[in-house]
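Below: one structure, written as structure tokens.
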Amino acid sequence: MAVKSVALVAHDNKKQELIDWAKENRTRLAPLRLYATGTTGRLLRENLGREDLHSLLSGPLGGDQQIGAKIAEGEIDLLVFFWDPLEPQPHDPDIKALLRIAALWNIPVACNRATAEFILTSAYMTDDQHHPRKPDFSSYTGRNVP
Ligand SMILES: O=C(CO)COP(=O)(O)O
């Protein structure tokens with residue numbers, strides 16, 4: 001069975017919520033390949049004891065873009081991104097870019113605990129047949145180009 005890959009990202013005010021959720025779902029996350037932005041990744045490693053978690057750069061230093069690149073390359077099956085709806089972030093363009101690329105490539109995105117719960121307990125995570133359907137961009141020639 002193909003191992004599914006999950007990218008985990010949380011803004012500072014949301015990190016504890018993500019850690020609590022991940023600890024609660026430790027067993028469900030166990031068979032999955034985990035990626036995370038820098039600080040989120042360090043905290044998850046410490047709290048989950050997952051030495052195999054792949055930490056990328058911190059979000060404001062390019063980590064969001066690294067996750068976006070992995071999505072575009074087909075390496076991520078689920079994005080769990082607890083972004084902060086109450087505080088502006090210095091790297092807002094990167095956050096927008098990550099959410100855009102996830103929408104473009106048809107990746108399920110959980111922006112809060114309820115959705116993360118919903119997706120993680122769904123057949124999508126356990127069924128080999130469920131993979132994000134790759135969009136067909138073969139006829140895409142560029143914006144406004146006939
Ligand atoms: O800023 C982030 C996402 O936009 C997360 O980055 P860190 O995990 O490094 O805090």
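Ordering of the structure tokens sets the chain letters (A, B, ...); residue numbers start at 1 within each chain; ligands are numbered from 1 in the order shown.
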- Task: Please run DSSP on the backbone and report, as a PyMOL selection string, all residues within chain A that come out as alpha helix (DSSP H).
- Result: chain A and resi 15-24+26-29+38-48+63-72+92-104+113-120+123-126
- Task: Residues within 12 Å of ligand 1 should be enumerated using only C-alpha atoms and all ligand atoms and returned as a ChimeraX atom specification.
- Result: /A:7-16,18-19,35-45,54-68,79-85,87-99,111
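Here atom CA of Thr121 of chain A stands at a distance of 24.0 Å from atom CA of Ile101 of chain A.
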- Task: May I have the residues within 12 Å of Thr126 of chain A as a PyMOL selection string, using only C-alpha atoms and disregarding those fewer than 6 positions away in the same chain?
- Result: chain A and resi 1-5+28-29+31-32+77+119-120
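Taking atom CA of Leu34 of chain A and atom CA of Asn106 of chain A as endpoints, the distance between them is 18.8 Å.
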- Message: Taking the DSSP secondary structure from the backbone, can you list the residues of chain A that are strand (DSSP E or B), as a PyMOL selection string?
- Response: chain A and resi 5-10+33-36+54-55+78-82+109-110
Store the residues picked out above in a file with N, CA and C atoms, as an mmCIF file, in the first residue's frame.
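Saved to selection.cif:
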```
data_model
loop_
_atom_site.group_PDB
_atom_site.id
_atom_site.type_symbol
_atom_site.label_atom_id
_atom_site.label_comp_id
_atom_site.auth_asym_id
_atom_site.auth_seq_id
_atom_site.Cartn_x
_atom_site.Cartn_y
_atom_site.Cartn_z
ATOM 1 N N SER A 5 1.356 11.002 2.346
ATOM 2 C CA SER A 5 2.188 12.048 2.944
ATOM 3 C C SER A 5 1.327 13.215 3.398
ATOM 4 N N VAL A 6 1.599 13.671 4.609
ATOM 5 C CA VAL A 6 0.829 14.772 5.185
ATOM 6 C C VAL A 6 1.785 15.915 5.513
ATOM 7 N N ALA A 7 1.416 17.133 5.102
ATOM 8 C CA ALA A 7 2.187 18.316 5.483
ATOM 9 C C ALA A 7 1.460 19.010 6.625
ATOM 10 N N LEU A 8 2.197 19.299 7.691
ATOM 11 C CA LEU A 8 1.615 19.896 8.900
ATOM 12 C C LEU A 8 2.238 21.273 9.122
ATOM 13 N N VAL A 9 1.382 22.266 9.245
ATOM 14 C CA VAL A 9 1.844 23.647 9.404
ATOM 15 C C VAL A 9 0.902 24.354 10.370
ATOM 16 N N ALA A 10 1.470 25.153 11.274
ATOM 17 C CA ALA A 10 0.608 25.943 12.162
ATOM 18 C C ALA A 10 1.280 27.265 12.495
ATOM 19 N N ARG A 33 3.661 9.468 6.191
ATOM 20 C CA ARG A 33 4.905 10.228 6.065
ATOM 21 C C ARG A 33 4.574 11.676 6.400
ATOM 22 N N LEU A 34 5.339 12.248 7.332
ATOM 23 C CA LEU A 34 5.016 13.597 7.791
ATOM 24 C C LEU A 34 6.066 14.617 7.368
ATOM 25 N N TYR A 35 5.577 15.754 6.878
ATOM 26 C CA TYR A 35 6.413 16.911 6.579
ATOM 27 C C TYR A 35 5.870 18.071 7.402
ATOM 28 N N ALA A 36 6.747 19.026 7.735
ATOM 29 C CA ALA A 36 6.274 20.203 8.464
ATOM 30 C C ALA A 36 7.225 21.362 8.225
ATOM 31 N N HIS A 54 9.893 14.964 8.529
ATOM 32 C CA HIS A 54 10.771 15.795 7.701
ATOM 33 C C HIS A 54 10.486 17.268 7.963
ATOM 34 N N SER A 55 11.425 17.942 8.605
ATOM 35 C CA SER A 55 11.257 19.374 8.867
ATOM 36 C C SER A 55 11.870 20.183 7.739
ATOM 37 N N LEU A 78 -2.144 15.434 1.727
ATOM 38 C CA LEU A 78 -3.027 16.198 2.612
ATOM 39 C C LEU A 78 -2.231 17.337 3.241
ATOM 40 N N LEU A 79 -2.833 18.517 3.234
ATOM 41 C CA LEU A 79 -2.222 19.662 3.912
ATOM 42 C C LEU A 79 -3.063 20.010 5.131
ATOM 43 N N VAL A 80 -2.453 19.910 6.310
ATOM 44 C CA VAL A 80 -3.102 20.369 7.537
ATOM 45 C C VAL A 80 -2.417 21.678 7.905
ATOM 46 N N PHE A 81 -3.128 22.764 7.723
ATOM 47 C CA PHE A 81 -2.542 24.089 7.894
ATOM 48 C C PHE A 81 -3.451 24.901 8.815
ATOM 49 N N PHE A 82 -3.087 24.944 10.099
ATOM 50 C CA PHE A 82 -3.847 25.737 11.060
ATOM 51 C C PHE A 82 -3.313 27.168 11.005
ATOM 52 N N VAL A 109 -7.298 20.232 2.080
ATOM 53 C CA VAL A 109 -6.671 21.158 3.029
ATOM 54 C C VAL A 109 -7.545 21.249 4.278
ATOM 55 N N ALA A 110 -6.931 21.047 5.433
ATOM 56 C CA ALA A 110 -7.645 21.225 6.697
ATOM 57 C C ALA A 110 -7.097 22.459 7.386
#
```
- Task: State, in Å with one decimal place, the distance from atom CA of Met125 of chain A to atom CA of Glu24 of chain A.
- Result: 16.4 Å
